[in-house]
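Data from input21.txt: compact mmCIF, C-alpha atoms
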```txt
# COMPACT_ATOMS: atom_id res chain seq x y z
CA MET A 1 -10.39 -17.76 24.57
CA SER A 2 -9.11 -14.52 23.12
CA ASP A 3 -11.22 -12.52 20.67
CA TYR A 4 -8.17 -12.33 18.41
CA ASN A 5 -8.88 -14.46 15.32
CA LEU A 6 -6.03 -14.72 12.88
CA GLN A 7 -8.17 -16.19 10.11
CA GLN A 8 -10.25 -13.01 9.96
CA GLU A 9 -7.26 -10.85 9.01
CA VAL A 10 -7.97 -11.10 5.30
CA SER A 11 -5.83 -8.08 4.53
CA ASP A 12 -2.68 -9.81 5.77
CA LYS A 13 -0.29 -10.52 2.91
CA TYR A 14 0.83 -13.85 4.34
CA SER A 15 -0.79 -17.27 4.17
CA LEU A 16 -2.44 -18.62 7.31
CA ARG A 17 0.69 -20.61 8.13
CA GLY A 18 2.84 -17.55 7.54
CA ARG A 19 0.66 -15.34 9.72
CA VAL A 20 0.79 -17.83 12.58
CA PHE A 21 4.58 -18.05 12.27
CA HIS A 22 5.05 -14.27 12.26
CA LYS A 23 2.67 -13.76 15.20
CA ILE A 24 4.40 -16.35 17.39
CA ARG A 25 7.84 -15.07 16.43
CA GLU A 26 6.78 -11.50 17.22
CA ASP A 27 5.51 -12.63 20.64
CA ILE A 28 8.82 -14.35 21.37
CA LEU A 29 10.87 -11.34 20.28
CA ASN A 30 8.81 -8.77 22.18
CA GLY A 31 9.09 -10.75 25.39
CA LYS A 32 5.58 -12.16 25.73
CA TYR A 33 7.06 -15.65 26.02
CA LYS A 34 10.03 -16.02 28.36
CA GLN A 35 13.21 -18.06 28.15
CA ASN A 36 12.50 -21.79 28.70
CA GLU A 37 8.72 -21.24 28.75
CA GLU A 38 6.79 -24.17 27.30
CA LEU A 39 4.53 -23.40 24.35
CA ARG A 40 1.55 -25.68 23.70
CA GLU A 41 0.03 -26.10 20.25
CA ALA A 42 -3.55 -26.32 21.52
CA THR A 43 -3.27 -23.24 23.75
CA ILE A 44 -1.73 -21.02 21.09
CA GLY A 45 -4.12 -22.37 18.45
CA ALA A 46 -7.07 -21.38 20.65
CA GLU A 47 -5.61 -17.92 21.26
CA LEU A 48 -5.12 -17.30 17.54
CA GLY A 49 -8.34 -18.95 16.41
CA VAL A 50 -6.64 -21.60 14.28
CA SER A 51 -6.17 -25.37 14.35
CA ARG A 52 -3.05 -27.01 15.77
CA THR A 53 -1.64 -27.79 12.32
CA PRO A 54 -0.39 -24.28 11.35
CA VAL A 55 0.89 -23.83 14.91
CA ARG A 56 2.88 -27.07 14.66
CA GLU A 57 4.32 -25.96 11.30
CA ALA A 58 5.25 -22.58 12.78
CA PHE A 59 6.99 -24.30 15.69
CA ARG A 60 9.13 -26.31 13.27
CA GLN A 61 10.14 -23.18 11.37
CA LEU A 62 10.89 -21.29 14.57
CA GLU A 63 13.08 -24.17 15.72
CA LEU A 64 15.11 -23.80 12.51
CA GLU A 65 15.57 -20.11 13.37
CA GLY A 66 16.80 -21.05 16.84
CA LEU A 67 13.93 -19.41 18.73
CA LEU A 68 12.29 -22.66 19.89
CA LYS A 69 13.52 -26.09 20.90
CA MET A 70 11.25 -29.10 20.31
CA ILE A 71 12.06 -32.03 22.61
CA PRO A 72 10.40 -35.34 21.62
CA ASN A 73 7.91 -36.68 24.18
CA LYS A 74 8.44 -33.62 26.35
CA GLY A 75 7.41 -30.36 24.73
CA THR A 76 8.35 -27.18 22.88
CA TYR A 77 10.33 -24.51 24.73
CA VAL A 78 11.43 -20.95 24.05
CA THR A 79 15.17 -20.53 23.55
CA GLY A 80 15.05 -16.83 22.67
CA ILE A 81 18.08 -14.70 21.78
CA THR A 82 21.41 -14.64 23.59
CA ARG A 83 23.94 -11.85 24.02
CA LYS A 84 26.15 -13.49 21.38
CA ASP A 85 23.16 -13.64 19.01
CA VAL A 86 22.66 -9.89 19.38
CA HIS A 87 26.34 -9.23 18.68
CA ASP A 88 26.26 -11.45 15.60
CA ILE A 89 23.05 -9.88 14.33
CA TYR A 90 24.47 -6.37 14.52
CA MET A 91 27.77 -7.31 12.90
CA ILE A 92 25.95 -9.04 10.03
CA ARG A 93 23.47 -6.17 9.76
CA SER A 94 26.31 -3.66 9.55
CA LEU A 95 27.58 -5.32 6.38
CA LEU A 96 24.14 -5.90 4.86
CA GLU A 97 22.87 -2.39 5.63
CA GLY A 98 25.98 -1.00 4.00
CA LEU A 99 25.29 -3.03 0.87
CA CYS A 100 21.65 -1.96 1.00
CA ALA A 101 22.59 1.73 1.16
CA ARG A 102 25.01 1.27 -1.76
CA TRP A 103 22.31 -0.27 -3.92
CA ALA A 104 19.76 2.32 -2.78
CA THR A 105 21.92 5.12 -4.24
CA GLU A 106 21.35 3.51 -7.64
CA LYS A 107 17.76 2.29 -7.27
CA ILE A 108 15.90 4.72 -5.01
CA THR A 109 12.90 6.43 -6.61
CA PRO A 110 12.09 10.14 -6.19
CA GLU A 111 9.06 9.17 -4.10
CA GLN A 112 11.16 7.00 -1.79
CA LEU A 113 13.79 9.71 -1.43
CA ASN A 114 11.12 12.27 -0.57
CA GLU A 115 9.70 9.96 2.08
CA MET A 116 13.17 9.37 3.50
CA GLU A 117 13.80 13.12 3.77
CA GLU A 118 10.42 13.65 5.42
CA ASN A 119 11.18 10.83 7.84
CA VAL A 120 14.44 12.53 8.87
CA TYR A 121 12.69 15.87 9.44
CA LEU A 122 9.91 14.27 11.49
CA SER A 123 12.43 12.32 13.56
CA GLU A 124 14.27 15.52 14.43
CA PHE A 125 10.98 17.19 15.35
CA HIS A 126 9.95 14.39 17.73
CA GLU A 127 13.48 14.23 19.13
CA ASN A 128 13.18 17.89 20.17
CA LYS A 129 9.80 17.12 21.76
CA GLY A 130 11.11 14.05 23.59
CA HIS A 131 8.60 11.71 21.90
CA SER A 132 10.44 8.38 22.16
CA ASP A 133 7.55 6.24 20.86
CA GLN A 134 7.26 8.30 17.68
CA MET A 135 11.03 8.22 17.26
CA ALA A 136 11.02 4.42 17.47
CA GLU A 137 8.29 4.19 14.83
CA LEU A 138 10.12 6.61 12.55
CA ASP A 139 13.38 4.71 13.07
CA ASN A 140 11.62 1.54 11.92
CA ARG A 141 10.22 3.30 8.91
CA PHE A 142 13.57 4.84 7.91
CA HIS A 143 15.12 1.40 7.67
CA GLU A 144 12.08 0.03 5.84
CA ILE A 145 12.40 2.78 3.23
CA LEU A 146 16.09 1.97 2.90
CA TYR A 147 15.34 -1.74 2.45
CA GLU A 148 12.64 -1.05 -0.13
CA SER A 149 14.94 1.31 -2.01
CA CYS A 150 17.67 -1.27 -2.64
CA ASP A 151 15.34 -3.09 -5.07
CA SER A 152 16.37 -6.56 -3.89
CA LYS A 153 13.69 -8.73 -2.36
CA MET A 154 16.30 -11.16 -1.01
CA LEU A 155 18.32 -8.48 0.79
CA GLU A 156 15.15 -6.76 2.00
CA HIS A 157 13.85 -10.03 3.48
CA LEU A 158 17.10 -10.69 5.36
CA LEU A 159 17.31 -7.18 6.77
CA ARG A 160 13.68 -7.10 7.90
CA ASP A 161 14.20 -10.34 9.82
CA PHE A 162 17.33 -9.07 11.55
CA HIS A 163 15.60 -5.76 12.29
CA GLN A 164 12.81 -7.62 14.09
CA TYR A 165 15.10 -9.85 16.12
CA VAL A 166 16.30 -7.02 18.35
CA TYR A 167 13.03 -5.07 18.50
CA ARG A 168 12.90 -4.71 22.28
CA ILE A 169 16.44 -3.50 22.69
CA ARG A 170 16.16 -1.02 19.80
CA ARG A 171 13.23 0.70 21.51
CA MET A 172 15.29 0.96 24.69
CA THR A 173 18.26 2.54 22.92
CA LEU A 174 16.12 5.15 21.16
CA ALA A 175 14.54 6.10 24.49
CA SER A 176 17.97 7.47 25.39
CA GLU A 177 18.06 11.14 24.45
CA LYS A 178 21.74 11.03 23.50
CA ARG A 179 21.45 7.94 21.28
CA GLY A 180 18.20 9.16 19.74
CA ARG A 181 19.89 12.38 18.67
CA ALA A 182 22.94 10.56 17.33
CA SER A 183 20.78 8.06 15.44
CA ASN A 184 18.83 10.87 13.77
CA LYS A 185 22.09 12.57 12.76
CA GLU A 186 23.36 9.30 11.26
CA HIS A 187 20.08 8.81 9.37
CA ARG A 188 20.38 12.30 7.91
CA GLU A 189 23.95 11.66 6.78
CA ILE A 190 22.95 8.38 5.11
CA MET A 191 20.03 10.08 3.39
CA GLU A 192 22.22 12.94 2.13
CA ALA A 193 24.83 10.50 0.78
CA ILE A 194 22.12 8.58 -1.09
CA LYS A 195 20.67 11.82 -2.39
CA ALA A 196 24.13 12.81 -3.64
CA HIS A 197 24.51 9.39 -5.32
CA ASP A 198 27.67 8.77 -3.30
CA ALA A 199 27.49 4.98 -2.98
CA ASP A 200 30.83 4.60 -1.17
CA LYS A 201 29.88 7.12 1.50
CA ALA A 202 26.35 5.76 1.89
CA GLU A 203 27.70 2.24 2.40
CA ARG A 204 30.29 3.38 4.93
CA LEU A 205 27.79 5.45 6.92
CA ALA A 206 25.14 2.73 7.00
CA ASN A 207 27.75 0.22 8.16
CA LEU A 208 28.95 2.59 10.88
CA HIS A 209 25.36 3.30 11.96
CA MET A 210 24.91 -0.34 13.01
CA ILE A 211 28.30 -0.46 14.74
CA ASN A 212 27.44 2.69 16.70
CA ALA A 213 24.07 1.29 17.71
CA TYR A 214 25.66 -1.88 19.06
CA ASP A 215 28.48 -0.01 20.84
CA ASN A 216 25.88 2.21 22.51
CA MET A 217 24.00 -0.85 23.81
CA VAL A 218 27.18 -2.31 25.30
CA LYS A 219 28.28 1.01 26.80
CA ASN A 220 24.93 1.54 28.55
CA GLY A 221 24.51 -2.05 29.70
CA LEU A 222 21.37 -2.57 27.63
CA ILE A 223 22.66 -5.80 26.15
CA ASP A 224 23.00 -7.25 29.66
CA ILE A 225 19.33 -8.28 29.58
CA PHE A 226 20.46 -11.14 27.33
CA ASP A 227 23.07 -12.46 29.80
CA GLU A 228 20.52 -14.70 31.50
CA ASN A 229 19.74 -16.37 28.19
CA ASP A 230 23.43 -17.16 27.68
CA GLU A 231 23.76 -18.64 31.17
CA GLU A 232 20.63 -20.76 30.90
CA LYS A 233 21.62 -22.01 27.45
CA GLY A 234 25.05 -23.01 28.78
CA GLU A 235 23.53 -24.86 31.72
CA GLN A 236 21.20 -26.80 29.40
CA GLU A 237 24.08 -27.83 27.13
CA HIS A 238 25.99 -29.26 30.10
CA GLU A 239 23.09 -31.22 31.59
```
Can the structure in the file be given as structure tokens, please?
Amino acid sequence: MSDYNLQQEVSDKYSLRGRVFHKIREDILNGKYKQNEELREATIGAELGVSRTPVREAFRQLELEGLLKMIPNKGTYVTGITRKDVHDIYMIRSLLEGLCARWATEKITPEQLNEMEENVYLSEFHENKGHSDQMAELDNRFHEILYESCDSKMLEHLLRDFHQYVYRIRRMTLASEKRGRASNKEHREIMEAIKAHDADKAERLANLHMINAYDNMVKNGLIDIFDENDEEKGEQEHE
């Protein structure tokens, strides 16, 4: 049994059920569990140091999100994310991030704006040093600041979920020197538009930022890692 005990993480802001859900979802999204792999309540419960009940509840919620498929009298299996899912996520994100940037121009606090500026400067520093891990972390934080700045818990929740769904592929894109540089430039332009209180420009740039990120994935074949999921899903539907 793993030493990892979820119940001991008292600082976590989620309930036990919520923490179990987020941990399993994170493991699916980061590739720990593979397409069509069976997940067992007892095994995962033992790994996380919890009973089977919160694991079962997490499975049901993950099935609603399309990440798991529960087959009666057979088991629970990972469905994962397909190429079409990634396309849809980025197209939806492009619209929502644009709205978020628009609202951020009206709601951002001086402290949030200062952190956003510092984030941009640090990203450019690590870009020049070739530090891809730090760039990925700073990319995450830039979007978190943006989400927090829109002052809408509903929009923030939606965007955080979409941001997590393509975690693996985002790290791969930022490892590319060319895309990393372009992403930093786009972040700076978004930040400057927000700072100038130009809501129209901020919305347009944030929307374009997501489109560019997706186009870069397609151009460099990074999205092809999801082709297998599409094929397997199609085969299952025709069985």
Requested in this report: Find, counting all atoms listed in the file, the residue in A:Lys178, A:His131, A:Arg141, A:His163 that gets nearest to Ile92 of chain A.
Outcome: A:His163
Quick one: contact table of segment 75-185 of chain A to segment 194-199 of chain A, 8 Å max, nearest atom pair and distance in Å to one decimal per residue, counting all atoms listed in the file, chain and number order, as JSON lines?
```
{"residue": "A:Ala101", "atom": "CA", "partner": "A:Ala199", "partner_atom": "CA", "distance": 7.2}
{"residue": "A:Arg102", "atom": "CA", "partner": "A:Ala199", "partner_atom": "CA", "distance": 4.6}
{"residue": "A:Trp103", "atom": "CA", "partner": "A:Ala199", "partner_atom": "CA", "distance": 7.4}
{"residue": "A:Ala104", "atom": "CA", "partner": "A:Ile194", "partner_atom": "CA", "distance": 6.9}
{"residue": "A:Thr105", "atom": "CA", "partner": "A:Ile194", "partner_atom": "CA", "distance": 4.7}
{"residue": "A:Glu106", "atom": "CA", "partner": "A:His197", "partner_atom": "CA", "distance": 7.1}
{"residue": "A:Leu113", "atom": "CA", "partner": "A:Lys195", "partner_atom": "CA", "distance": 7.3}
```
Query - Separation of atom CA of Arg188 of chain A from atom CA of Phe142 of chain A, in Å and rounded to one decimal - result: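 Value for the atom CA of Arg188 of chain A-atom CA of Phe142 of chain A distance: 10.1 Å.
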**Report entry** Distance criterion (all atoms listed in the file): nearest to Glu47 of chain A out of A:Lys23, A:Glu63, A:Ser183, A:Asn119
**Finding:** A:Lys23
Report task. Measure the distance from atom CA of His157 of chain A to atom CA of Glu37 of chain A in Å and round it to one decimal. Result ->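 Those two atoms sit 28.1 Å apart.
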Requested in this report: Counting all atoms listed in the file, select every polymer residue within 6 Å of (18.6, 13.2, 1.2) as defined in the file's coordinates, and provide the selection as a list in words.
Outcome: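 The residues that fall inside the cut-off are Glu117, Met191, Glu192 and Lys195 of chain A.
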Requested in this report: Work out how far atom CA of Cys100 of chain A is from atom CA of Gly18 of chain A, in Å to one decimal.
Outcome: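 Going from atom CA of Gly18 of chain A over to atom CA of Cys100 of chain A covers 25.3 Å.
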Query - Nearest candidate to Ala193 of chain A (options A:Gly98, A:Ser132, A:Glu57, A:Leu16; using all atoms listed in the file) - result: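 Distance minimum relative to Ala193 of chain A lands on A:Gly98.
You can rank A:Leu222, A:Leu62, A:Glu97, A:Tyr214 by their closest distance to Ala202 of chain A using only C-alpha atoms, and at the top of that list sits A:Glu97.
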